[in-house]
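Participant: My structure is below; once you've seen it, I'll send some questions.
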Amino acid sequence: LHFSFSRLTMLREFFLSDLQETIELEGERHGIELRYNSPSKMMELLITKLVKKTGKKVVIIIDEYDSPFTSLLESDDRAFIGEVRAIFNSMYKTIKDMTGSIRMLFITGIVKLANLSIFSAMNNLRDISMDPMFAAAFGYTDKELSDYFGEGMDEYLEEHPGEYRSREEFQGKIREYYDGYRFSYMADESVYNPVSIGFFFTTYYEFRAWWIETGASTMAVNLARNNNLLELLDDDRLFISPDAFSVFDIDDIADGTLSSEGASAFLYYAGYLSIGTYEDGMLGLVFPNNEVRRSF
């Protein structure tokens, strides 16, 4: 079962029916009919019927689980967050109650699970966002870029003789623009933004802020400005405790009480900052690369 919550219409009059239709369509994809009911009841019926039909446990993938909430943060109806939270709370509780029918649940999003207060009933989730085992799982490593895109770099060098002295120099410039995402302070490996690399190699090798153009967030920039983070970033003096990634709630953004450390943690999750150093129990956050720095 695959759900992408970034497609939901976040308006009061459409949200509930849109969520119900999302679950209904996923049922139809598996030949299972679901009548409109509460999202939690529809999810329960979908899992039950699918297990009965196939004789197998289900795998559930929920992509951009936090998109409904982050979308509302920039809307004129922030009070709607509470109602949306209650609906998802009920749905995730149903999923937890059906653990015996589920082989695996995988959730992606930019906000740490603890920061949304919607998983109180699901205490068996494992957060891998800073797990060193997965530090290089969600982007290209330097070696992978060379292995998978080396032929493309060589073709460019042949067509533009004299622009770069070697493939290493060419890759070095790509690294400065699109590498630098470090997802665990317990691992030194960093990765390239796969979205930017995809655009770069399919648009005639143009160095542009491709990722930002897919959906720049004015909220992220405002958080940095309102918390005086830009000056600290320019001087490489932005340090926060690892605990800062867990203690803030998304409501703090909505009501304007988010601390400077909370804003820094949110910018990290949103992809605007990366881990630069880890010393004396403190994380030094930096812009990951030229793409993000220039966009900011």
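Labels for the structure tokens follow display order: chains A, B, ..., residues from 1 in each chain, ligands from 1.
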Listing only residues of region 80-101 of chain A within 10 Å of region 12-19 of chain A, what is the closest atom pair and its distance in Å (to one decimal) for each, using only C-alpha atoms, sorted by chain and residue number ascending, as JSON lines?

Facilitator:
{"residue": "A:Phe80", "atom": "CA", "partner": "A:Arg12", "partner_atom": "CA", "distance": 7.3}
{"residue": "A:Glu83", "atom": "CA", "partner": "A:Arg12", "partner_atom": "CA", "distance": 9.3}
{"residue": "A:Val84", "atom": "CA", "partner": "A:Phe15", "partner_atom": "CA", "distance": 8.6}
{"residue": "A:Ile87", "atom": "CA", "partner": "A:Leu16", "partner_atom": "CA", "distance": 8.6}

Participant: Kindly export the residues of the current selection with C-alpha atoms, as a PDB file, in the first residue's frame.

Facilitator:
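Saved result, selection_21.pdb, follows:
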ATOM      1  CA  PHE A  80      -6.969  23.575  11.146  1.00  0.00           C
ATOM      2  CA  GLU A  83      -8.284  18.885  13.432  1.00  0.00           C
ATOM      3  CA  VAL A  84      -5.951  17.301  10.893  1.00  0.00           C
ATOM      4  CA  ILE A  87      -7.739  12.546  12.101  1.00  0.00           C
TER       5      ILE A  87
END

Participant: Which of region 31-181 of chain A end up as alpha helix (DSSP H) when DSSP is run on this backbone - answer as a ChimeraX atom specification?

Facilitator: /A:39-54,67-73,80-97,142-159,167-178

Participant: Which is closest to Phe296 (chain A) among A:Gly284, A:Gly172, A:Gly271, A:Pro242, if we use only C-alpha atoms?

Facilitator: A:Gly271

Participant: Can you tell me which residues surround Ala263 (chain A) at a distance of at most 10 Å, considering only C-alpha atoms, apart from same-chain residues fewer than 5 positions away, and format the answer as a list in words?

Facilitator: Ala220, Asn222, Leu223, Ala224, Asn226, Asn227, Leu229, Ala244, Phe245, Phe248, Asp252, Ile253, Thr257, Leu258, Tyr268 and Tyr269 of chain A

Participant: Mind writing the picked residues with all heavy atoms as a compact mmCIF listing (two decimals), in the first residue's frame?

Facilitator:
# COMPACT_ATOMS: atom_id res chain seq x y z
N ALA A 220 11.00 28.73 5.39
CA ALA A 220 12.35 28.37 5.82
C ALA A 220 13.23 29.61 5.90
O ALA A 220 13.97 29.82 6.86
CB ALA A 220 12.95 27.35 4.86
N ASN A 222 12.22 32.72 6.25
CA ASN A 222 11.74 33.59 7.33
C ASN A 222 12.17 33.08 8.70
O ASN A 222 12.49 33.87 9.59
CB ASN A 222 10.21 33.71 7.26
CG ASN A 222 9.75 34.55 6.09
OD1 ASN A 222 10.49 35.40 5.59
ND2 ASN A 222 8.54 34.30 5.62
N LEU A 223 12.17 31.75 8.88
CA LEU A 223 12.63 31.19 10.15
C LEU A 223 14.09 31.54 10.39
O LEU A 223 14.48 31.90 11.51
CB LEU A 223 12.46 29.67 10.15
CG LEU A 223 11.06 29.12 10.39
CD1 LEU A 223 11.05 27.60 10.23
CD2 LEU A 223 10.56 29.49 11.78
N ALA A 224 14.89 31.44 9.34
CA ALA A 224 16.31 31.79 9.48
C ALA A 224 16.48 33.26 9.79
O ALA A 224 17.29 33.65 10.65
CB ALA A 224 17.05 31.42 8.20
N ASN A 226 14.19 35.44 11.09
CA ASN A 226 13.59 35.84 12.36
C ASN A 226 14.39 35.36 13.57
O ASN A 226 14.27 35.92 14.66
CB ASN A 226 12.16 35.31 12.45
CG ASN A 226 11.25 35.93 11.41
OD1 ASN A 226 11.56 36.99 10.86
ND2 ASN A 226 10.13 35.29 11.12
N ASN A 227 15.17 34.31 13.39
CA ASN A 227 15.97 33.78 14.49
C ASN A 227 17.45 34.16 14.36
O ASN A 227 18.30 33.57 15.04
CB ASN A 227 15.83 32.26 14.56
CG ASN A 227 14.48 31.81 15.09
OD1 ASN A 227 14.27 31.75 16.29
ND2 ASN A 227 13.56 31.53 14.19
N LEU A 229 19.72 33.58 12.17
CA LEU A 229 20.59 32.44 11.87
C LEU A 229 21.55 32.72 10.72
O LEU A 229 22.59 32.08 10.61
CB LEU A 229 19.75 31.20 11.55
CG LEU A 229 18.77 30.74 12.62
CD1 LEU A 229 18.03 29.49 12.15
CD2 LEU A 229 19.49 30.47 13.94
N ALA A 244 18.02 19.07 20.30
CA ALA A 244 17.15 20.07 19.68
C ALA A 244 16.29 19.48 18.57
O ALA A 244 15.24 20.03 18.23
CB ALA A 244 17.99 21.22 19.12
N PHE A 245 16.71 18.36 18.01
CA PHE A 245 15.96 17.76 16.92
C PHE A 245 14.69 17.07 17.40
O PHE A 245 13.83 16.72 16.60
CB PHE A 245 16.84 16.75 16.17
CG PHE A 245 17.97 17.40 15.41
CD1 PHE A 245 19.21 17.54 15.99
CD2 PHE A 245 17.78 17.89 14.14
CE1 PHE A 245 20.26 18.14 15.31
CE2 PHE A 245 18.80 18.50 13.44
CZ PHE A 245 20.04 18.63 14.04
N PHE A 248 11.27 20.23 19.90
CA PHE A 248 10.28 21.21 19.44
C PHE A 248 9.08 20.52 18.81
O PHE A 248 9.14 19.37 18.38
CB PHE A 248 10.91 22.20 18.44
CG PHE A 248 11.08 21.67 17.04
CD1 PHE A 248 10.07 21.79 16.10
CD2 PHE A 248 12.27 21.07 16.66
CE1 PHE A 248 10.24 21.32 14.81
CE2 PHE A 248 12.45 20.59 15.37
CZ PHE A 248 11.43 20.72 14.44
N ASP A 252 4.88 24.93 17.58
CA ASP A 252 5.73 26.07 17.94
C ASP A 252 5.96 26.98 16.73
O ASP A 252 6.16 28.19 16.89
CB ASP A 252 7.08 25.58 18.48
CG ASP A 252 6.94 24.77 19.75
OD1 ASP A 252 5.91 24.93 20.43
OD2 ASP A 252 7.84 23.97 20.05
N ILE A 253 5.97 26.38 15.54
CA ILE A 253 6.11 27.18 14.33
C ILE A 253 4.83 27.96 14.06
O ILE A 253 4.85 29.15 13.74
CB ILE A 253 6.46 26.29 13.11
CG1 ILE A 253 7.75 25.50 13.37
CG2 ILE A 253 6.59 27.13 11.85
CD1 ILE A 253 8.09 24.52 12.26
N THR A 257 6.43 30.52 18.53
CA THR A 257 7.25 30.35 19.74
C THR A 257 8.44 29.44 19.51
O THR A 257 9.09 29.02 20.46
CB THR A 257 6.39 29.78 20.89
OG1 THR A 257 5.87 28.49 20.50
CG2 THR A 257 5.25 30.72 21.24
N LEU A 258 8.75 29.13 18.26
CA LEU A 258 9.85 28.22 17.96
C LEU A 258 11.18 28.86 18.37
O LEU A 258 11.47 29.99 18.02
CB LEU A 258 9.87 27.88 16.47
CG LEU A 258 10.86 26.79 16.03
CD1 LEU A 258 10.46 25.44 16.60
CD2 LEU A 258 10.91 26.71 14.50
N TYR A 268 17.40 22.01 9.06
CA TYR A 268 18.16 20.80 8.74
C TYR A 268 17.25 19.75 8.12
O TYR A 268 17.57 19.17 7.08
CB TYR A 268 18.82 20.25 10.01
CG TYR A 268 19.33 18.83 9.86
CD1 TYR A 268 20.57 18.57 9.29
CD2 TYR A 268 18.54 17.75 10.26
CE1 TYR A 268 21.02 17.26 9.13
CE2 TYR A 268 18.99 16.45 10.11
CZ TYR A 268 20.22 16.21 9.55
OH TYR A 268 20.66 14.92 9.39
N TYR A 269 16.10 19.49 8.75
CA TYR A 269 15.19 18.47 8.23
C TYR A 269 14.66 18.84 6.85
O TYR A 269 14.41 17.97 6.01
CB TYR A 269 14.01 18.27 9.18
CG TYR A 269 14.35 17.46 10.40
CD1 TYR A 269 14.09 17.92 11.68
CD2 TYR A 269 14.95 16.21 10.28
CE1 TYR A 269 14.41 17.17 12.80
CE2 TYR A 269 15.27 15.46 11.38
CZ TYR A 269 15.00 15.94 12.64
OH TYR A 269 15.33 15.20 13.73

Participant: Env of Ala187 (chain A): 10 Å cut, atoms = only C-alpha atoms, seq-sep filter 5 positions within chain, self excluded. Answer as a short mmCIF file (atom, residue, chain, number, x, y, z; two decimals) with all heavy atoms, in the first residue's frame.

Facilitator:
data_model
loop_
_atom_site.label_atom_id
_atom_site.label_comp_id
_atom_site.auth_asym_id
_atom_site.auth_seq_id
_atom_site.Cartn_x
_atom_site.Cartn_y
_atom_site.Cartn_z
N MET A 130 18.86 9.78 11.52
CA MET A 130 20.27 10.06 11.82
C MET A 130 21.04 8.78 12.11
O MET A 130 22.13 8.84 12.71
CB MET A 130 20.38 11.02 13.00
CG MET A 130 20.08 12.46 12.64
SD MET A 130 20.60 13.59 13.94
CE MET A 130 20.26 15.16 13.16
N ASP A 131 20.52 7.66 11.67
CA ASP A 131 21.18 6.39 11.90
C ASP A 131 22.38 6.27 10.95
O ASP A 131 22.22 6.38 9.73
CB ASP A 131 20.20 5.25 11.63
CG ASP A 131 20.71 3.89 12.08
OD1 ASP A 131 21.92 3.62 11.89
OD2 ASP A 131 19.93 3.10 12.62
N PRO A 132 23.60 6.06 11.46
CA PRO A 132 24.78 5.99 10.58
C PRO A 132 24.68 4.87 9.56
O PRO A 132 25.29 4.96 8.49
CB PRO A 132 25.94 5.76 11.56
CG PRO A 132 25.32 5.23 12.81
CD PRO A 132 23.96 5.88 12.88
N MET A 133 23.90 3.82 9.84
CA MET A 133 23.75 2.72 8.89
C MET A 133 23.08 3.19 7.60
O MET A 133 23.31 2.64 6.52
CB MET A 133 22.92 1.60 9.52
CG MET A 133 22.78 0.36 8.65
SD MET A 133 21.68 -0.90 9.40
CE MET A 133 22.54 -1.22 10.93
N PHE A 134 22.26 4.25 7.69
CA PHE A 134 21.51 4.73 6.53
C PHE A 134 22.00 6.10 6.06
O PHE A 134 21.33 6.77 5.27
CB PHE A 134 20.02 4.81 6.86
CG PHE A 134 19.42 3.49 7.25
CD1 PHE A 134 19.31 3.13 8.58
CD2 PHE A 134 18.99 2.60 6.28
CE1 PHE A 134 18.77 1.91 8.95
CE2 PHE A 134 18.45 1.37 6.64
CZ PHE A 134 18.34 1.02 7.98
N ALA A 135 23.16 6.52 6.53
CA ALA A 135 23.65 7.87 6.25
C ALA A 135 23.82 8.14 4.76
O ALA A 135 23.67 9.28 4.30
CB ALA A 135 24.97 8.12 6.98
N ALA A 136 24.15 7.11 3.97
CA ALA A 136 24.38 7.31 2.54
C ALA A 136 23.30 6.65 1.68
O ALA A 136 23.50 6.45 0.48
CB ALA A 136 25.75 6.74 2.16
N ARG A 182 25.04 15.56 4.95
CA ARG A 182 25.53 14.58 5.93
C ARG A 182 24.40 14.27 6.91
O ARG A 182 23.93 15.15 7.63
CB ARG A 182 26.74 15.16 6.67
CG ARG A 182 27.41 14.19 7.64
CD ARG A 182 28.60 14.86 8.30
NE ARG A 182 29.13 14.07 9.40
CZ ARG A 182 29.98 14.55 10.32
NH1 ARG A 182 30.38 15.80 10.24
NH2 ARG A 182 30.40 13.78 11.30
#
